[in-house]
Amino acid sequence: MTSLFSRYMFWQVTNAFFVILLTLTSVVWLATALKELDLITSKGQGMLLFMQMTGLTLPSLVALIAPNAVLMATLYTLDRLNGDSELIVMTAAGAPVSRFAKPFILLASIVGIAILFANVFLNPACMRALRGFITEVRADLISQVIQPGRFSSPETGLTFHIRDRSPGGELLGLLVHDEREDSQIMSYLAERGRIISNDEGSYLVMFDGYVHRFDGEDRDKPVQIIAFDQNMLNISKFGPKGGKEKELRPRERSIGELINPNPDDKIVKRNYGLLRAELHERFTGALYPLVFVFVAIALMGQPRTTRESRWGQIVAAFGIAIGLRVAGLTAGNLVALHAWAVPLVYAIPIGAILIAAWVAHVRMSPELGSKLKFEFKLQPKKIMFWTGRGMQTE
């Protein structure tokens, strides 16, 4: 009977988890994808590339939302089971707290393992693939973005315009305006241009034109006009920070690169704490589904009468869960600054699990809870009187 009830609870909370996870992920993904619509509108990319790029963000998005979905599914299932008097009946039949907690702990463990797999293997691979798509978009700038008769801005401060495109692919009537650096504003005018790509990047080669150079810091200086027969512009890197494109961010690195990074790496030399924080965040992030489940069971696992509102306990569970997650993120920031904070990152979720499990056990065990309560009972006064055999008390 109890085994059947455990399976029943597991499927109830699992169904609620998937519904909540898909709903939250869809809403957040749509909000994120709408910000990238300029890939299709202004940057001339296709719908397939748009879906691929936004789809690569889904694993990290799911890993971020899944613990919250577990918490919401657990609270919803416990509240519904209590409202239908199923928890009351099973408690009256003598079911221990382990029978109620086992299905939820099983779901949280499965979700935690999935998050750990995503953090260790899937997310870094997706982030690197996303970087590759971004590089492809930038490398394919002229053929996809620059359209005849249109002003296109692949990046703020950089504008392209062509009059026409020859059958051989050459750009005719080329205008390039570059004001990404305030100290120097450049405008290129060329009769024709061509794209050349090699192992070092992509370059725009311009022929028979002029470059107008304007000093942005000293506006009293006249504009310098220089004629050229051939000029080349690097279009594989945009912006003053383009030189850092090849430097992998911590989220894009594999677990091996975080554990044993290259000593000559720029991030290692500049701030190794960022890699240390990312490494431990990937492991501790998988513990929070269990943390949230134990918090929910500690507050909602005890049966209550159906006439009693449980909104206070639900709000308290959400507040405690948010507080613990914020504390974990704060500890992660400390890890980026100080190595001594590494144990704290693990102590917060593990300590929360142990405390919540103890609270749930106490609340679900009336005989143990009664021993921990301070009960003040009135004691009758003792009456002493004399008898022939001595003093007696009553």
# chains A, B, ... in the order shown; residues from 1 in each chain; ligands from 1

$ residues_around --residues "stretch 116-119 of chain A" --least-positions-apart "5" --cutoff "9 Å" --atoms "only C-alpha atoms" --output "PyMOL selection string"
chain A and resi 59-60+63+111+124+255+281-287

$ write_last_selection --atoms "N, CA and C atoms" --output "mmCIF file, in the first residue's frame"
data_model
loop_
_atom_site.group_PDB
_atom_site.id
_atom_site.type_symbol
_atom_site.label_atom_id
_atom_site.label_comp_id
_atom_site.auth_asym_id
_atom_site.auth_seq_id
_atom_site.Cartn_x
_atom_site.Cartn_y
_atom_site.Cartn_z
ATOM 1 N N PRO A 59 19.904 24.758 -22.581
ATOM 2 C CA PRO A 59 20.423 23.946 -21.469
ATOM 3 C C PRO A 59 20.753 24.768 -20.226
ATOM 4 N N SER A 60 21.441 25.878 -20.393
ATOM 5 C CA SER A 60 21.759 26.704 -19.227
ATOM 6 C C SER A 60 20.498 27.313 -18.632
ATOM 7 N N ALA A 63 18.783 24.503 -16.644
ATOM 8 C CA ALA A 63 19.536 24.243 -15.412
ATOM 9 C C ALA A 63 19.290 25.323 -14.369
ATOM 10 N N VAL A 111 16.774 15.363 -10.876
ATOM 11 C CA VAL A 111 16.978 16.708 -11.428
ATOM 12 C C VAL A 111 18.386 17.205 -11.107
ATOM 13 N N PRO A 124 29.017 23.980 -21.224
ATOM 14 C CA PRO A 124 30.233 24.502 -21.877
ATOM 15 C C PRO A 124 30.269 24.227 -23.373
ATOM 16 N N ILE A 255 35.406 21.260 -17.823
ATOM 17 C CA ILE A 255 35.718 21.053 -16.413
ATOM 18 C C ILE A 255 37.213 20.840 -16.235
ATOM 19 N N GLU A 281 30.636 26.442 -8.536
ATOM 20 C CA GLU A 281 29.230 26.723 -8.816
ATOM 21 C C GLU A 281 28.607 25.618 -9.650
ATOM 22 N N ARG A 282 29.376 25.004 -10.535
ATOM 23 C CA ARG A 282 28.840 23.910 -11.344
ATOM 24 C C ARG A 282 28.465 22.711 -10.489
ATOM 25 N N PHE A 283 29.202 22.476 -9.403
ATOM 26 C CA PHE A 283 28.898 21.341 -8.535
ATOM 27 C C PHE A 283 27.807 21.677 -7.523
ATOM 28 N N THR A 284 27.882 22.835 -6.911
ATOM 29 C CA THR A 284 26.904 23.182 -5.880
ATOM 30 C C THR A 284 25.533 23.483 -6.467
ATOM 31 N N GLY A 285 25.481 23.913 -7.717
ATOM 32 C CA GLY A 285 24.177 24.177 -8.328
ATOM 33 C C GLY A 285 23.292 22.950 -8.381
ATOM 34 N N ALA A 286 23.894 21.752 -8.418
ATOM 35 C CA ALA A 286 23.116 20.519 -8.469
ATOM 36 C C ALA A 286 22.544 20.130 -7.112
ATOM 37 N N LEU A 287 22.954 20.789 -6.022
ATOM 38 C CA LEU A 287 22.458 20.457 -4.694
ATOM 39 C C LEU A 287 21.154 21.169 -4.346
#

$ select_by_dssp --residues "stretch 123-310 of chain A" --states "alpha helix (DSSP H)" --output "ChimeraX atom specification"
/A:123-139,141-144,255-259,266-271,273-284,288-300

$ write_last_selection --atoms "C-alpha atoms" --output "short mmCIF file (atom, residue, chain, number, x, y, z; two decimals), in the first residue's frame"
data_model
loop_
_atom_site.label_atom_id
_atom_site.label_comp_id
_atom_site.auth_asym_id
_atom_site.auth_seq_id
_atom_site.Cartn_x
_atom_site.Cartn_y
_atom_site.Cartn_z
CA ASN A 123 26.53 23.90 -21.04
CA PRO A 124 30.23 24.50 -21.88
CA ALA A 125 29.79 22.72 -25.22
CA CYS A 126 26.69 24.78 -26.03
CA MET A 127 28.44 28.02 -25.06
CA ARG A 128 31.34 27.18 -27.37
CA ALA A 129 28.98 26.29 -30.19
CA LEU A 130 27.17 29.58 -29.64
CA ARG A 131 30.49 31.40 -29.90
CA GLY A 132 31.06 29.62 -33.21
CA PHE A 133 27.70 30.80 -34.54
CA ILE A 134 28.46 34.36 -33.47
CA THR A 135 31.80 34.16 -35.26
CA GLU A 136 30.01 32.82 -38.33
CA VAL A 137 27.57 35.72 -38.30
CA ARG A 138 30.40 38.21 -38.07
CA ALA A 139 32.51 36.46 -40.71
CA LEU A 141 28.82 40.04 -42.47
CA ILE A 142 29.09 41.40 -46.01
CA SER A 143 27.29 38.60 -47.85
CA GLN A 144 24.40 38.43 -45.39
CA ILE A 255 35.72 21.05 -16.41
CA GLY A 256 39.31 20.02 -17.12
CA GLU A 257 40.26 23.56 -18.12
CA LEU A 258 38.78 24.86 -14.86
CA ILE A 259 40.52 22.29 -12.67
CA LYS A 266 45.13 35.69 -19.34
CA ILE A 267 42.26 35.05 -16.91
CA VAL A 268 44.53 32.91 -14.71
CA LYS A 269 47.04 35.73 -14.54
CA ARG A 270 44.44 38.45 -14.10
CA ASN A 271 41.89 36.83 -11.77
CA GLY A 273 39.20 33.41 -8.70
CA LEU A 274 36.71 33.62 -11.57
CA LEU A 275 37.65 30.11 -12.71
CA ARG A 276 37.58 28.82 -9.12
CA ALA A 277 34.10 30.26 -8.54
CA GLU A 278 32.79 28.81 -11.82
CA LEU A 279 34.17 25.37 -10.97
CA HIS A 280 32.45 25.12 -7.59
CA GLU A 281 29.23 26.72 -8.82
CA ARG A 282 28.84 23.91 -11.34
CA PHE A 283 28.90 21.34 -8.54
CA THR A 284 26.90 23.18 -5.88
CA TYR A 288 19.71 23.07 -4.63
CA PRO A 289 16.87 20.85 -5.91
CA LEU A 290 17.44 18.71 -2.79
CA VAL A 291 17.66 21.82 -0.62
CA PHE A 292 14.33 23.14 -1.90
CA VAL A 293 12.61 19.76 -1.53
CA PHE A 294 13.68 19.36 2.11
CA VAL A 295 12.60 22.92 2.90
CA ALA A 296 9.18 22.26 1.35
CA ILE A 297 8.76 18.97 3.23
CA ALA A 298 9.81 20.57 6.52
CA LEU A 299 7.12 23.25 6.18
CA MET A 300 4.38 21.43 4.23
#

$ residues_around --residues "stretch 165-176 of chain A" --least-positions-apart "4" --cutoff "12 Å" --atoms "only C-alpha atoms" --output "PDB file with N, CA and C atoms, in the first residue's frame"
ATOM      1  N   ILE A 142      29.350  40.699 -44.769  1.00  0.00           N
ATOM      2  CA  ILE A 142      29.090  41.401 -46.011  1.00  0.00           C
ATOM      3  C   ILE A 142      28.043  40.673 -46.844  1.00  0.00           C
ATOM      4  N   SER A 143      28.195  39.346 -46.973  1.00  0.00           N
ATOM      5  CA  SER A 143      27.293  38.595 -47.847  1.00  0.00           C
ATOM      6  C   SER A 143      25.881  38.502 -47.291  1.00  0.00           C
ATOM      7  N   ILE A 146      25.167  43.225 -45.533  1.00  0.00           N
ATOM      8  CA  ILE A 146      25.250  44.381 -46.413  1.00  0.00           C
ATOM      9  C   ILE A 146      24.430  44.120 -47.663  1.00  0.00           C
ATOM     10  N   GLN A 147      23.368  44.871 -47.798  1.00  0.00           N
ATOM     11  CA  GLN A 147      22.495  44.767 -48.963  1.00  0.00           C
ATOM     12  C   GLN A 147      22.557  46.067 -49.761  1.00  0.00           C
ATOM     13  N   PRO A 148      22.503  45.983 -51.080  1.00  0.00           N
ATOM     14  CA  PRO A 148      22.586  47.197 -51.901  1.00  0.00           C
ATOM     15  C   PRO A 148      21.495  48.201 -51.545  1.00  0.00           C
ATOM     16  N   GLY A 149      21.926  49.469 -51.410  1.00  0.00           N
ATOM     17  CA  GLY A 149      20.984  50.549 -51.139  1.00  0.00           C
ATOM     18  C   GLY A 149      20.559  50.662 -49.698  1.00  0.00           C
ATOM     19  N   ARG A 150      21.126  49.859 -48.771  1.00  0.00           N
ATOM     20  CA  ARG A 150      20.724  49.888 -47.366  1.00  0.00           C
ATOM     21  C   ARG A 150      21.920  50.229 -46.484  1.00  0.00           C
ATOM     22  N   PHE A 151      21.636  50.994 -45.410  1.00  0.00           N
ATOM     23  CA  PHE A 151      22.640  51.263 -44.389  1.00  0.00           C
ATOM     24  C   PHE A 151      22.491  50.196 -43.307  1.00  0.00           C
ATOM     25  N   SER A 152      23.564  49.460 -43.068  1.00  0.00           N
ATOM     26  CA  SER A 152      23.532  48.363 -42.102  1.00  0.00           C
ATOM     27  C   SER A 152      24.567  48.620 -41.016  1.00  0.00           C
ATOM     28  N   SER A 153      24.181  48.343 -39.773  1.00  0.00           N
ATOM     29  CA  SER A 153      25.069  48.541 -38.625  1.00  0.00           C
ATOM     30  C   SER A 153      25.187  47.234 -37.846  1.00  0.00           C
ATOM     31  N   PRO A 154      26.177  46.410 -38.154  1.00  0.00           N
ATOM     32  CA  PRO A 154      26.359  45.169 -37.406  1.00  0.00           C
ATOM     33  C   PRO A 154      26.786  45.403 -35.970  1.00  0.00           C
ATOM     34  N   GLY A 157      28.255  52.060 -33.879  1.00  0.00           N
ATOM     35  CA  GLY A 157      29.381  52.871 -34.309  1.00  0.00           C
ATOM     36  C   GLY A 157      30.013  52.435 -35.608  1.00  0.00           C
ATOM     37  N   LEU A 158      29.519  51.328 -36.212  1.00  0.00           N
ATOM     38  CA  LEU A 158      30.071  50.828 -37.467  1.00  0.00           C
ATOM     39  C   LEU A 158      28.941  50.700 -38.483  1.00  0.00           C
ATOM     40  N   THR A 159      29.039  51.403 -39.601  1.00  0.00           N
ATOM     41  CA  THR A 159      27.973  51.447 -40.606  1.00  0.00           C
ATOM     42  C   THR A 159      28.549  51.112 -41.971  1.00  0.00           C
ATOM     43  N   PHE A 160      27.803  50.270 -42.722  1.00  0.00           N
ATOM     44  CA  PHE A 160      28.198  49.870 -44.079  1.00  0.00           C
ATOM     45  C   PHE A 160      27.096  50.285 -45.067  1.00  0.00           C
ATOM     46  N   HIS A 161      27.518  50.591 -46.289  1.00  0.00           N
ATOM     47  CA  HIS A 161      26.565  50.873 -47.358  1.00  0.00           C
ATOM     48  C   HIS A 161      27.247  50.572 -48.690  1.00  0.00           C
ATOM     49  N   ARG A 180      33.632  53.863 -33.716  1.00  0.00           N
ATOM     50  CA  ARG A 180      33.676  53.078 -32.494  1.00  0.00           C
ATOM     51  C   ARG A 180      34.649  53.644 -31.476  1.00  0.00           C
ATOM     52  N   ILE A 185      37.648  59.088 -35.732  1.00  0.00           N
ATOM     53  CA  ILE A 185      36.490  58.704 -36.539  1.00  0.00           C
ATOM     54  C   ILE A 185      36.943  58.579 -37.989  1.00  0.00           C
ATOM     55  N   MET A 186      36.633  57.436 -38.582  1.00  0.00           N
ATOM     56  CA  MET A 186      37.099  57.146 -39.941  1.00  0.00           C
ATOM     57  C   MET A 186      35.898  56.914 -40.852  1.00  0.00           C
ATOM     58  N   SER A 187      36.008  57.427 -42.087  1.00  0.00           N
ATOM     59  CA  SER A 187      35.012  57.175 -43.130  1.00  0.00           C
ATOM     60  C   SER A 187      35.760  56.748 -44.395  1.00  0.00           C
ATOM     61  N   TYR A 188      35.394  55.581 -44.912  1.00  0.00           N
ATOM     62  CA  TYR A 188      36.055  55.037 -46.097  1.00  0.00           C
ATOM     63  C   TYR A 188      35.089  55.124 -47.281  1.00  0.00           C
ATOM     64  N   LEU A 189      35.570  55.647 -48.390  1.00  0.00           N
ATOM     65  CA  LEU A 189      34.814  55.694 -49.640  1.00  0.00           C
ATOM     66  C   LEU A 189      35.649  54.988 -50.703  1.00  0.00           C
ATOM     67  N   ALA A 190      35.083  53.988 -51.338  1.00  0.00           N
ATOM     68  CA  ALA A 190      35.855  53.214 -52.318  1.00  0.00           C
ATOM     69  C   ALA A 190      34.965  52.873 -53.502  1.00  0.00           C
ATOM     70  N   GLU A 191      35.606  52.783 -54.678  1.00  0.00           N
ATOM     71  CA  GLU A 191      34.871  52.417 -55.881  1.00  0.00           C
ATOM     72  C   GLU A 191      34.396  50.971 -55.838  1.00  0.00           C
ATOM     73  N   ARG A 192      35.222  50.098 -55.267  1.00  0.00           N
ATOM     74  CA  ARG A 192      34.855  48.696 -55.195  1.00  0.00           C
ATOM     75  C   ARG A 192      35.572  48.055 -54.008  1.00  0.00           C
ATOM     76  N   GLY A 193      35.076  46.896 -53.593  1.00  0.00           N
ATOM     77  CA  GLY A 193      35.663  46.194 -52.473  1.00  0.00           C
ATOM     78  C   GLY A 193      35.466  44.693 -52.619  1.00  0.00           C
ATOM     79  N   ARG A 194      36.238  43.946 -51.859  1.00  0.00           N
ATOM     80  CA  ARG A 194      36.191  42.493 -51.934  1.00  0.00           C
ATOM     81  C   ARG A 194      36.482  41.915 -50.545  1.00  0.00           C
ATOM     82  N   ILE A 195      35.869  40.743 -50.264  1.00  0.00           N
ATOM     83  CA  ILE A 195      36.082  40.062 -48.992  1.00  0.00           C
ATOM     84  C   ILE A 195      37.122  38.968 -49.185  1.00  0.00           C
ATOM     85  N   ILE A 196      38.128  38.972 -48.300  1.00  0.00           N
ATOM     86  CA  ILE A 196      39.164  37.948 -48.317  1.00  0.00           C
ATOM     87  C   ILE A 196      39.214  37.313 -46.932  1.00  0.00           C
ATOM     88  N   LEU A 204      38.108  43.142 -45.307  1.00  0.00           N
ATOM     89  CA  LEU A 204      37.476  43.887 -46.382  1.00  0.00           C
ATOM     90  C   LEU A 204      38.576  44.689 -47.093  1.00  0.00           C
ATOM     91  N   VAL A 205      38.825  44.329 -48.347  1.00  0.00           N
ATOM     92  CA  VAL A 205      39.853  45.016 -49.142  1.00  0.00           C
ATOM     93  C   VAL A 205      39.145  46.006 -50.055  1.00  0.00           C
ATOM     94  N   MET A 206      39.514  47.294 -49.931  1.00  0.00           N
ATOM     95  CA  MET A 206      38.891  48.364 -50.703  1.00  0.00           C
ATOM     96  C   MET A 206      39.891  48.897 -51.729  1.00  0.00           C
ATOM     97  N   PHE A 207      39.381  49.235 -52.921  1.00  0.00           N
ATOM     98  CA  PHE A 207      40.216  49.701 -54.013  1.00  0.00           C
ATOM     99  C   PHE A 207      39.742  51.070 -54.486  1.00  0.00           C
ATOM    100  N   ASP A 208      40.731  51.942 -54.841  1.00  0.00           N
ATOM    101  CA  ASP A 208      40.454  53.235 -55.480  1.00  0.00           C
ATOM    102  C   ASP A 208      39.465  54.052 -54.657  1.00  0.00           C
ATOM    103  N   GLY A 209      39.942  54.596 -53.556  1.00  0.00           N
ATOM    104  CA  GLY A 209      39.039  55.366 -52.714  1.00  0.00           C
ATOM    105  C   GLY A 209      39.755  56.382 -51.856  1.00  0.00           C
ATOM    106  N   TYR A 210      39.024  56.900 -50.893  1.00  0.00           N
ATOM    107  CA  TYR A 210      39.518  57.923 -49.973  1.00  0.00           C
ATOM    108  C   TYR A 210      39.114  57.523 -48.553  1.00  0.00           C
ATOM    109  N   VAL A 211      39.955  57.932 -47.598  1.00  0.00           N
ATOM    110  CA  VAL A 211      39.617  57.777 -46.193  1.00  0.00           C
ATOM    111  C   VAL A 211      39.605  59.157 -45.549  1.00  0.00           C
ATOM    112  N   HIS A 212      38.513  59.467 -44.876  1.00  0.00           N
ATOM    113  CA  HIS A 212      38.350  60.738 -44.174  1.00  0.00           C
ATOM    114  C   HIS A 212      38.600  60.470 -42.688  1.00  0.00           C
ATOM    115  N   ASN A 231      43.201  49.522 -49.653  1.00  0.00           N
ATOM    116  CA  ASN A 231      43.170  49.628 -48.186  1.00  0.00           C
ATOM    117  C   ASN A 231      42.442  48.393 -47.643  1.00  0.00           C
ATOM    118  N   MET A 232      42.831  47.992 -46.447  1.00  0.00           N
ATOM    119  CA  MET A 232      42.265  46.773 -45.891  1.00  0.00           C
ATOM    120  C   MET A 232      41.717  47.040 -44.495  1.00  0.00           C
ATOM    121  N   LEU A 233      40.534  46.477 -44.200  1.00  0.00           N
ATOM    122  CA  LEU A 233      39.868  46.646 -42.916  1.00  0.00           C
ATOM    123  C   LEU A 233      39.523  45.271 -42.355  1.00  0.00           C
ATOM    124  N   ILE A 235      37.392  42.812 -40.550  1.00  0.00           N
ATOM    125  CA  ILE A 235      35.987  42.741 -40.185  1.00  0.00           C
ATOM    126  C   ILE A 235      35.676  41.495 -39.354  1.00  0.00           C
TER     127      ILE A 235
END

$ select_by_dssp --residues "stretch 144-174 of chain A" --states "strand (DSSP E)" --output "PyMOL selection string"
chain A and resi 152-155+158-165+171-174

$ write_last_selection --atoms "N, CA and C atoms" --output "PDB file, in the first residue's frame"
ATOM      1  N   SER A 152      23.564  49.460 -43.068  1.00  0.00           N
ATOM      2  CA  SER A 152      23.532  48.363 -42.102  1.00  0.00           C
ATOM      3  C   SER A 152      24.567  48.620 -41.016  1.00  0.00           C
ATOM      4  N   SER A 153      24.181  48.343 -39.773  1.00  0.00           N
ATOM      5  CA  SER A 153      25.069  48.541 -38.625  1.00  0.00           C
ATOM      6  C   SER A 153      25.187  47.234 -37.846  1.00  0.00           C
ATOM      7  N   PRO A 154      26.177  46.410 -38.154  1.00  0.00           N
ATOM      8  CA  PRO A 154      26.359  45.169 -37.406  1.00  0.00           C
ATOM      9  C   PRO A 154      26.786  45.403 -35.970  1.00  0.00           C
ATOM     10  N   GLU A 155      27.317  46.584 -35.680  1.00  0.00           N
ATOM     11  CA  GLU A 155      27.729  46.938 -34.333  1.00  0.00           C
ATOM     12  C   GLU A 155      27.592  48.436 -34.161  1.00  0.00           C
ATOM     13  N   LEU A 158      29.519  51.328 -36.212  1.00  0.00           N
ATOM     14  CA  LEU A 158      30.071  50.828 -37.467  1.00  0.00           C
ATOM     15  C   LEU A 158      28.941  50.700 -38.483  1.00  0.00           C
ATOM     16  N   THR A 159      29.039  51.403 -39.601  1.00  0.00           N
ATOM     17  CA  THR A 159      27.973  51.447 -40.606  1.00  0.00           C
ATOM     18  C   THR A 159      28.549  51.112 -41.971  1.00  0.00           C
ATOM     19  N   PHE A 160      27.803  50.270 -42.722  1.00  0.00           N
ATOM     20  CA  PHE A 160      28.198  49.870 -44.079  1.00  0.00           C
ATOM     21  C   PHE A 160      27.096  50.285 -45.067  1.00  0.00           C
ATOM     22  N   HIS A 161      27.518  50.591 -46.289  1.00  0.00           N
ATOM     23  CA  HIS A 161      26.565  50.873 -47.358  1.00  0.00           C
ATOM     24  C   HIS A 161      27.247  50.572 -48.690  1.00  0.00           C
ATOM     25  N   ILE A 162      26.520  49.912 -49.594  1.00  0.00           N
ATOM     26  CA  ILE A 162      27.036  49.668 -50.947  1.00  0.00           C
ATOM     27  C   ILE A 162      25.969  50.078 -51.954  1.00  0.00           C
ATOM     28  N   ARG A 163      26.459  50.515 -53.106  1.00  0.00           N
ATOM     29  CA  ARG A 163      25.533  50.903 -54.161  1.00  0.00           C
ATOM     30  C   ARG A 163      24.979  49.687 -54.882  1.00  0.00           C
ATOM     31  N   ASP A 164      25.859  48.724 -55.141  1.00  0.00           N
ATOM     32  CA  ASP A 164      25.423  47.527 -55.875  1.00  0.00           C
ATOM     33  C   ASP A 164      26.460  46.428 -55.655  1.00  0.00           C
ATOM     34  N   ARG A 165      26.114  45.243 -56.145  1.00  0.00           N
ATOM     35  CA  ARG A 165      27.010  44.103 -56.055  1.00  0.00           C
ATOM     36  C   ARG A 165      27.177  43.517 -57.458  1.00  0.00           C
ATOM     37  N   LEU A 171      31.892  44.392 -54.277  1.00  0.00           N
ATOM     38  CA  LEU A 171      31.029  45.442 -53.736  1.00  0.00           C
ATOM     39  C   LEU A 171      31.335  46.732 -54.486  1.00  0.00           C
ATOM     40  N   LEU A 172      30.305  47.355 -55.006  1.00  0.00           N
ATOM     41  CA  LEU A 172      30.470  48.571 -55.806  1.00  0.00           C
ATOM     42  C   LEU A 172      29.911  49.757 -55.043  1.00  0.00           C
ATOM     43  N   GLY A 173      30.653  50.881 -55.090  1.00  0.00           N
ATOM     44  CA  GLY A 173      30.199  52.085 -54.395  1.00  0.00           C
ATOM     45  C   GLY A 173      30.151  51.871 -52.895  1.00  0.00           C
ATOM     46  N   LEU A 174      31.280  51.563 -52.304  1.00  0.00           N
ATOM     47  CA  LEU A 174      31.348  51.145 -50.906  1.00  0.00           C
ATOM     48  C   LEU A 174      31.568  52.342 -49.984  1.00  0.00           C
TER      49      LEU A 174
END

$ closest_residue --among "A:Phe104, A:Phe18, A:Trp29, A:Tyr203" --to "A:Thr74" --atoms "only C-alpha atoms"
A:Phe104
